[in-house]
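A.B. asks: For reference, the structure I am asking about is given below.
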Amino acid sequence: MKKAISLGVAAAMAATLLAGCGTAASSAAASSEAASTADSTTAESTATSEAAPSEAHEINTTDPIELTISWWGGDSRHEAYQKALEAFHEKYPNITVSPTYGAWSGWEEKQSTALAADQGSDVMQVNWNWLYQYSPTGDKFVDLREYSDIIDLSQWSDAAKNACIVADSLQAVPISMTGRIFYWNMNTFKQAGIEEVPTSYDDLIAAGKAFQEKLGDDYYPLHLGAYDRMILMVFYLESKYGKDWADPTTSTLNYTADEIAEGIDFIKSLVDGHVIMSLPTYYGSNGDNAAHQSNEWITGKMAGIFEWDSSATKYQDALDEENKPGFTVGEEIKFGDYNGGFSKVSMGLAITKTCEHPAEAATLINFLLNEKEGAEIMGSECGLPASKAGLEAAQAAGKIKELVAEANGKVMSFVGFQLDPLFEANDLKANGTGIYQEVFDTVDYDNASGADVVDTLLDGMSAVGYTV
């Protein structure tokens, strides 16, 4: 039987890596603590997230079965998935799995079109908000509780599972939990006379001044794209005011227009203080290319980034040999009396309702995320595993990347706010066309204030369903 998982097709796929000193064990402990906090506030019960299957399922191990799977990522994630699929085929030689994969750019648009046409892959790697955006009534993805005799749902915390319950249906299981943290190139910082990572707003402003004076106008301590600016703005506001950006259930905005304008002006102060490069300057050199692909990041001229914890190795690997040793996982910055920032389900695996072999698809998910053979291959390529069994297997195999574990541990031990599902709506965050980019482009191009653009942001949020 010819396998449908040839590594040779990798050449046709994009190479942009999206996957993404603490230890994985300490990170797991921090994640568990964060999950316990969320458990105390979730409206879902353990019984709800672990409902018994409606019937016992028998896995077909004799007849030829064909499944499809799709994911986005970069080279190392592609390789991990494909090796895991090869191992799955060895265990279940009658099941052939055909993959579709690529870089993130344009991926959501393709998958949303496929879902609308009922042509999604049998097993899909999904973003958490896709469950709300593309299956709000539960019509696109299978309730995985119906296959709890195949997928060991006890391996996930109740908080992690409940985050994937939409329309009273467990529409995915989390691959990992994630949040944002600062990464720094300390080689460049030391060239500017700075020996310690920034830990305050004042440190950021001082670094901007030192970079400009000692290294030149084309050196910056931090880079933030438009979506990064939105996330850090919310981080700042949560740190100052101590409330979620919006109600995590109803997406009712918790901030006034004046407070949001203040947050936008906070970001503007970083531009004015030479902490971050203006967006027009970045576009002039890089177009819409991601930061880790830019010459400024690779050579150390942009010496910091605010990114997902799962992206640590992506940004380190992108640095040239001179700058790679300087890569450092920073500390979360407290801008007020509260710990700002949120954690969320990084991505999950779901089964589409058009899948003709859901029991076998569930078997594949359990293999990738819970079983030793699959989980030790997947390692932390999609972030630190949210499955307890998966994490244990990956740790035992030495497949947890220390940088990812360190970053995840710092995030999960610090952040405490919740994210609402509309925050990542494509009309808001899309590169080039989203409202977030329109707002922060206007600030930079027109030297606009927060008060000038806050209505644009609020109107865009209202258009996707926020109550403002």
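Chain labels A, B, ... are given in the sequence in which chains occur in the structure tokens; within each chain residues are numbered consecutively from 1, and ligands are likewise numbered from 1 in the order shown.
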Which polymer residues have any atom within 12 Å of an atom of Ala192 (chain A), counting only C-alpha atoms, with same-chain residues fewer than 2 positions away left out, as number ranges by chain?

C.D. replies: A: 185-190, 194-196, 206-216, 219-221, 300-301, 303

A.B. asks: Suppose we keep N, CA and C atoms; can you now write the selection as a PDB file, in the first residue's frame?

C.D. replies:
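The result, written out as selection_22.pdb:
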ATOM      1  N   ASN A 185      17.105  40.204  21.935  1.00  0.00           N
ATOM      2  CA  ASN A 185      18.444  39.896  21.422  1.00  0.00           C
ATOM      3  C   ASN A 185      19.425  40.687  22.279  1.00  0.00           C
ATOM      4  N   MET A 186      19.968  40.034  23.295  1.00  0.00           N
ATOM      5  CA  MET A 186      20.811  40.746  24.243  1.00  0.00           C
ATOM      6  C   MET A 186      22.176  41.111  23.654  1.00  0.00           C
ATOM      7  N   ASN A 187      22.538  40.513  22.530  1.00  0.00           N
ATOM      8  CA  ASN A 187      23.759  40.972  21.844  1.00  0.00           C
ATOM      9  C   ASN A 187      23.640  42.453  21.502  1.00  0.00           C
ATOM     10  N   THR A 188      22.514  42.819  20.913  1.00  0.00           N
ATOM     11  CA  THR A 188      22.314  44.211  20.528  1.00  0.00           C
ATOM     12  C   THR A 188      22.133  45.103  21.753  1.00  0.00           C
ATOM     13  N   PHE A 189      21.406  44.616  22.738  1.00  0.00           N
ATOM     14  CA  PHE A 189      21.226  45.413  23.952  1.00  0.00           C
ATOM     15  C   PHE A 189      22.567  45.754  24.592  1.00  0.00           C
ATOM     16  N   LYS A 190      23.459  44.793  24.626  1.00  0.00           N
ATOM     17  CA  LYS A 190      24.766  45.039  25.238  1.00  0.00           C
ATOM     18  C   LYS A 190      25.586  46.023  24.412  1.00  0.00           C
ATOM     19  N   ILE A 194      23.266  48.165  27.532  1.00  0.00           N
ATOM     20  CA  ILE A 194      22.214  47.668  28.426  1.00  0.00           C
ATOM     21  C   ILE A 194      22.471  46.193  28.719  1.00  0.00           C
ATOM     22  N   GLU A 195      22.612  45.845  29.990  1.00  0.00           N
ATOM     23  CA  GLU A 195      22.981  44.484  30.378  1.00  0.00           C
ATOM     24  C   GLU A 195      21.792  43.620  30.800  1.00  0.00           C
ATOM     25  N   GLU A 196      20.662  44.242  31.143  1.00  0.00           N
ATOM     26  CA  GLU A 196      19.513  43.499  31.660  1.00  0.00           C
ATOM     27  C   GLU A 196      18.315  43.650  30.727  1.00  0.00           C
ATOM     28  N   ALA A 206      13.954  54.063  28.039  1.00  0.00           N
ATOM     29  CA  ALA A 206      15.405  54.277  28.167  1.00  0.00           C
ATOM     30  C   ALA A 206      16.155  53.502  27.088  1.00  0.00           C
ATOM     31  N   ALA A 207      15.673  52.309  26.772  1.00  0.00           N
ATOM     32  CA  ALA A 207      16.325  51.506  25.737  1.00  0.00           C
ATOM     33  C   ALA A 207      16.180  52.172  24.367  1.00  0.00           C
ATOM     34  N   GLY A 208      14.998  52.726  24.081  1.00  0.00           N
ATOM     35  CA  GLY A 208      14.809  53.417  22.814  1.00  0.00           C
ATOM     36  C   GLY A 208      15.795  54.555  22.644  1.00  0.00           C
ATOM     37  N   LYS A 209      15.996  55.320  23.697  1.00  0.00           N
ATOM     38  CA  LYS A 209      16.939  56.443  23.649  1.00  0.00           C
ATOM     39  C   LYS A 209      18.369  55.954  23.461  1.00  0.00           C
ATOM     40  N   ALA A 210      18.747  54.891  24.210  1.00  0.00           N
ATOM     41  CA  ALA A 210      20.112  54.376  24.115  1.00  0.00           C
ATOM     42  C   ALA A 210      20.395  53.786  22.736  1.00  0.00           C
ATOM     43  N   PHE A 211      19.435  53.066  22.182  1.00  0.00           N
ATOM     44  CA  PHE A 211      19.627  52.485  20.854  1.00  0.00           C
ATOM     45  C   PHE A 211      19.862  53.582  19.821  1.00  0.00           C
ATOM     46  N   GLN A 212      19.029  54.611  19.860  1.00  0.00           N
ATOM     47  CA  GLN A 212      19.128  55.677  18.862  1.00  0.00           C
ATOM     48  C   GLN A 212      20.453  56.435  19.016  1.00  0.00           C
ATOM     49  N   GLU A 213      20.848  56.722  20.251  1.00  0.00           N
ATOM     50  CA  GLU A 213      22.055  57.526  20.482  1.00  0.00           C
ATOM     51  C   GLU A 213      23.338  56.741  20.238  1.00  0.00           C
ATOM     52  N   LYS A 214      23.363  55.464  20.616  1.00  0.00           N
ATOM     53  CA  LYS A 214      24.604  54.700  20.570  1.00  0.00           C
ATOM     54  C   LYS A 214      24.734  53.826  19.323  1.00  0.00           C
ATOM     55  N   LEU A 215      23.607  53.417  18.754  1.00  0.00           N
ATOM     56  CA  LEU A 215      23.667  52.499  17.619  1.00  0.00           C
ATOM     57  C   LEU A 215      23.173  53.129  16.319  1.00  0.00           C
ATOM     58  N   GLY A 216      22.292  54.123  16.420  1.00  0.00           N
ATOM     59  CA  GLY A 216      21.820  54.786  15.216  1.00  0.00           C
ATOM     60  C   GLY A 216      20.320  54.710  15.055  1.00  0.00           C
ATOM     61  N   TYR A 219      18.289  51.268  14.513  1.00  0.00           N
ATOM     62  CA  TYR A 219      18.272  50.216  15.538  1.00  0.00           C
ATOM     63  C   TYR A 219      17.117  50.482  16.499  1.00  0.00           C
ATOM     64  N   TYR A 220      16.383  49.420  16.838  1.00  0.00           N
ATOM     65  CA  TYR A 220      15.224  49.537  17.730  1.00  0.00           C
ATOM     66  C   TYR A 220      15.240  48.394  18.739  1.00  0.00           C
ATOM     67  N   PRO A 221      14.881  48.678  19.989  1.00  0.00           N
ATOM     68  CA  PRO A 221      14.855  47.599  20.992  1.00  0.00           C
ATOM     69  C   PRO A 221      13.690  46.631  20.838  1.00  0.00           C
ATOM     70  N   GLY A 300      19.885  41.731  13.956  1.00  0.00           N
ATOM     71  CA  GLY A 300      19.911  42.334  15.279  1.00  0.00           C
ATOM     72  C   GLY A 300      19.545  43.794  15.337  1.00  0.00           C
ATOM     73  N   LYS A 301      19.120  44.385  14.243  1.00  0.00           N
ATOM     74  CA  LYS A 301      18.754  45.805  14.286  1.00  0.00           C
ATOM     75  C   LYS A 301      17.402  46.020  14.973  1.00  0.00           C
ATOM     76  N   ALA A 303      15.772  44.402  18.069  1.00  0.00           N
ATOM     77  CA  ALA A 303      16.332  43.521  19.101  1.00  0.00           C
ATOM     78  C   ALA A 303      15.302  42.959  20.061  1.00  0.00           C
TER      79      ALA A 303
END

A.B. asks: Using DSSP on the backbone coordinates, identify all residues within region 296-369 of chain A classified as alpha helix (DSSP H); present the result as a PyMOL selection string.

C.D. replies: chain A and resi 296-298+312-318+358-369

A.B. asks: Name the closest residue to Ala56 (chain A) among the candidates A:Val411, A:Leu85, A:Val97, A:Ile150; distances are taken between atoms, counting only C-alpha atoms.

C.D. replies: A:Ile150

A.B. asks: With distances taken over only C-alpha atoms, which of A:Ile181, A:Leu319, A:Ile365, A:Leu153 is nearest to Ala350 (chain A)?

C.D. replies: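 Of A:Ile181, A:Leu319, A:Ile365, A:Leu153, the one nearest Ala350 (chain A) is A:Ile365, counting only C-alpha atoms.
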
A.B. asks: Please provide as a list in words all residues within 9 Å of region 105-109 of chain A, with the sequence filter that same-chain residues fewer than 5 positions apart are discarded (counting only C-alpha atoms).

C.D. replies: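 The neighbour list is Thr16, Trp71, Trp72, Ala114, Asn127, Trp130, Asn426 and Asn431 of chain A.
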
A.B. asks: Determine the nearest neighbour of His292 (chain A) from the options A:Phe88, A:Tyr183, A:Tyr338, A:Phe440, counting only C-alpha atoms.

C.D. replies: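 Smallest distance to His292 (chain A) is found for A:Tyr183.
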
A.B. asks: Mind pulling up the distance from CA of Ala375 (chain A) to CA of Val123 (chain A)?

C.D. replies: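 One can read the CA of Val123 (chain A) to CA of Ala375 (chain A) distance as 16.5 Å.
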
A.B. asks: Considering only C-alpha atoms, state which residue in the set A:Ala116, A:Ile333, A:Ile175, A:Leu144 is at the smallest distance from Leu391 (chain A).

C.D. replies: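 With only C-alpha atoms as the atom set, the closest residue is A:Ile175.
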
A.B. asks: Write out as a list in words all residues of region 141-200 of chain A that DSSP puts in strand (DSSP E or B) for this structure's backbone.

C.D. replies: Phe141, Ile165, Val166, Ser169, Leu170, Val173, Pro174, Ile175, Ser176, Met177, Thr178, Gly179, Arg180, Ile181, Phe182, Tyr183, Trp184 and Asn185 of chain A

A.B. asks: May I have the selected residues written with C-alpha atoms, as a short mmCIF file (atom, residue, chain, number, x, y, z; two decimals), in the first residue's frame?

C.D. replies:
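The resulting file, again.cif, is reproduced below:
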data_model
loop_
_atom_site.label_atom_id
_atom_site.label_comp_id
_atom_site.auth_asym_id
_atom_site.auth_seq_id
_atom_site.Cartn_x
_atom_site.Cartn_y
_atom_site.Cartn_z
CA PHE A 141 -17.29 19.90 13.86
CA ILE A 165 -17.15 23.80 24.09
CA VAL A 166 -19.27 25.86 21.72
CA SER A 169 -20.43 20.65 21.82
CA LEU A 170 -16.77 19.82 22.48
CA VAL A 173 -9.36 19.23 21.91
CA PRO A 174 -6.50 21.63 22.68
CA ILE A 175 -3.06 20.89 21.33
CA SER A 176 -1.51 23.55 23.54
CA MET A 177 -2.20 26.65 25.61
CA THR A 178 -0.36 29.85 24.81
CA GLY A 179 0.17 33.51 25.60
CA ARG A 180 2.47 36.38 24.64
CA ILE A 181 5.89 37.19 26.07
CA PHE A 182 8.89 39.34 25.18
CA TYR A 183 11.97 37.92 23.46
CA TRP A 184 15.18 39.96 23.35
CA ASN A 185 18.44 39.90 21.42
#

A.B. asks: Extract, using only C-alpha atoms, all DNA, RNA and protein residues at most 12 Å from region 325-331 of chain A, discarding same-chain residues fewer than 4 positions from it, and format them as number ranges by chain.

C.D. replies: A: 21-22, 180-191, 195-200, 222, 297-300, 302-321, 339, 402-415

A.B. asks: Could you state the separation of CA of Thr250 (chain A) and CA of Gly348 (chain A) in Å, given to one decimal place?

C.D. replies: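 We find that CA of Thr250 (chain A) and CA of Gly348 (chain A) lie 21.9 Å from each other.
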
A.B. asks: From the list A:Gly383, A:Pro64, A:Gly336, A:Gly432, which residue is nearest Pro93 (chain A) when using only C-alpha atoms?

C.D. replies: A:Pro64
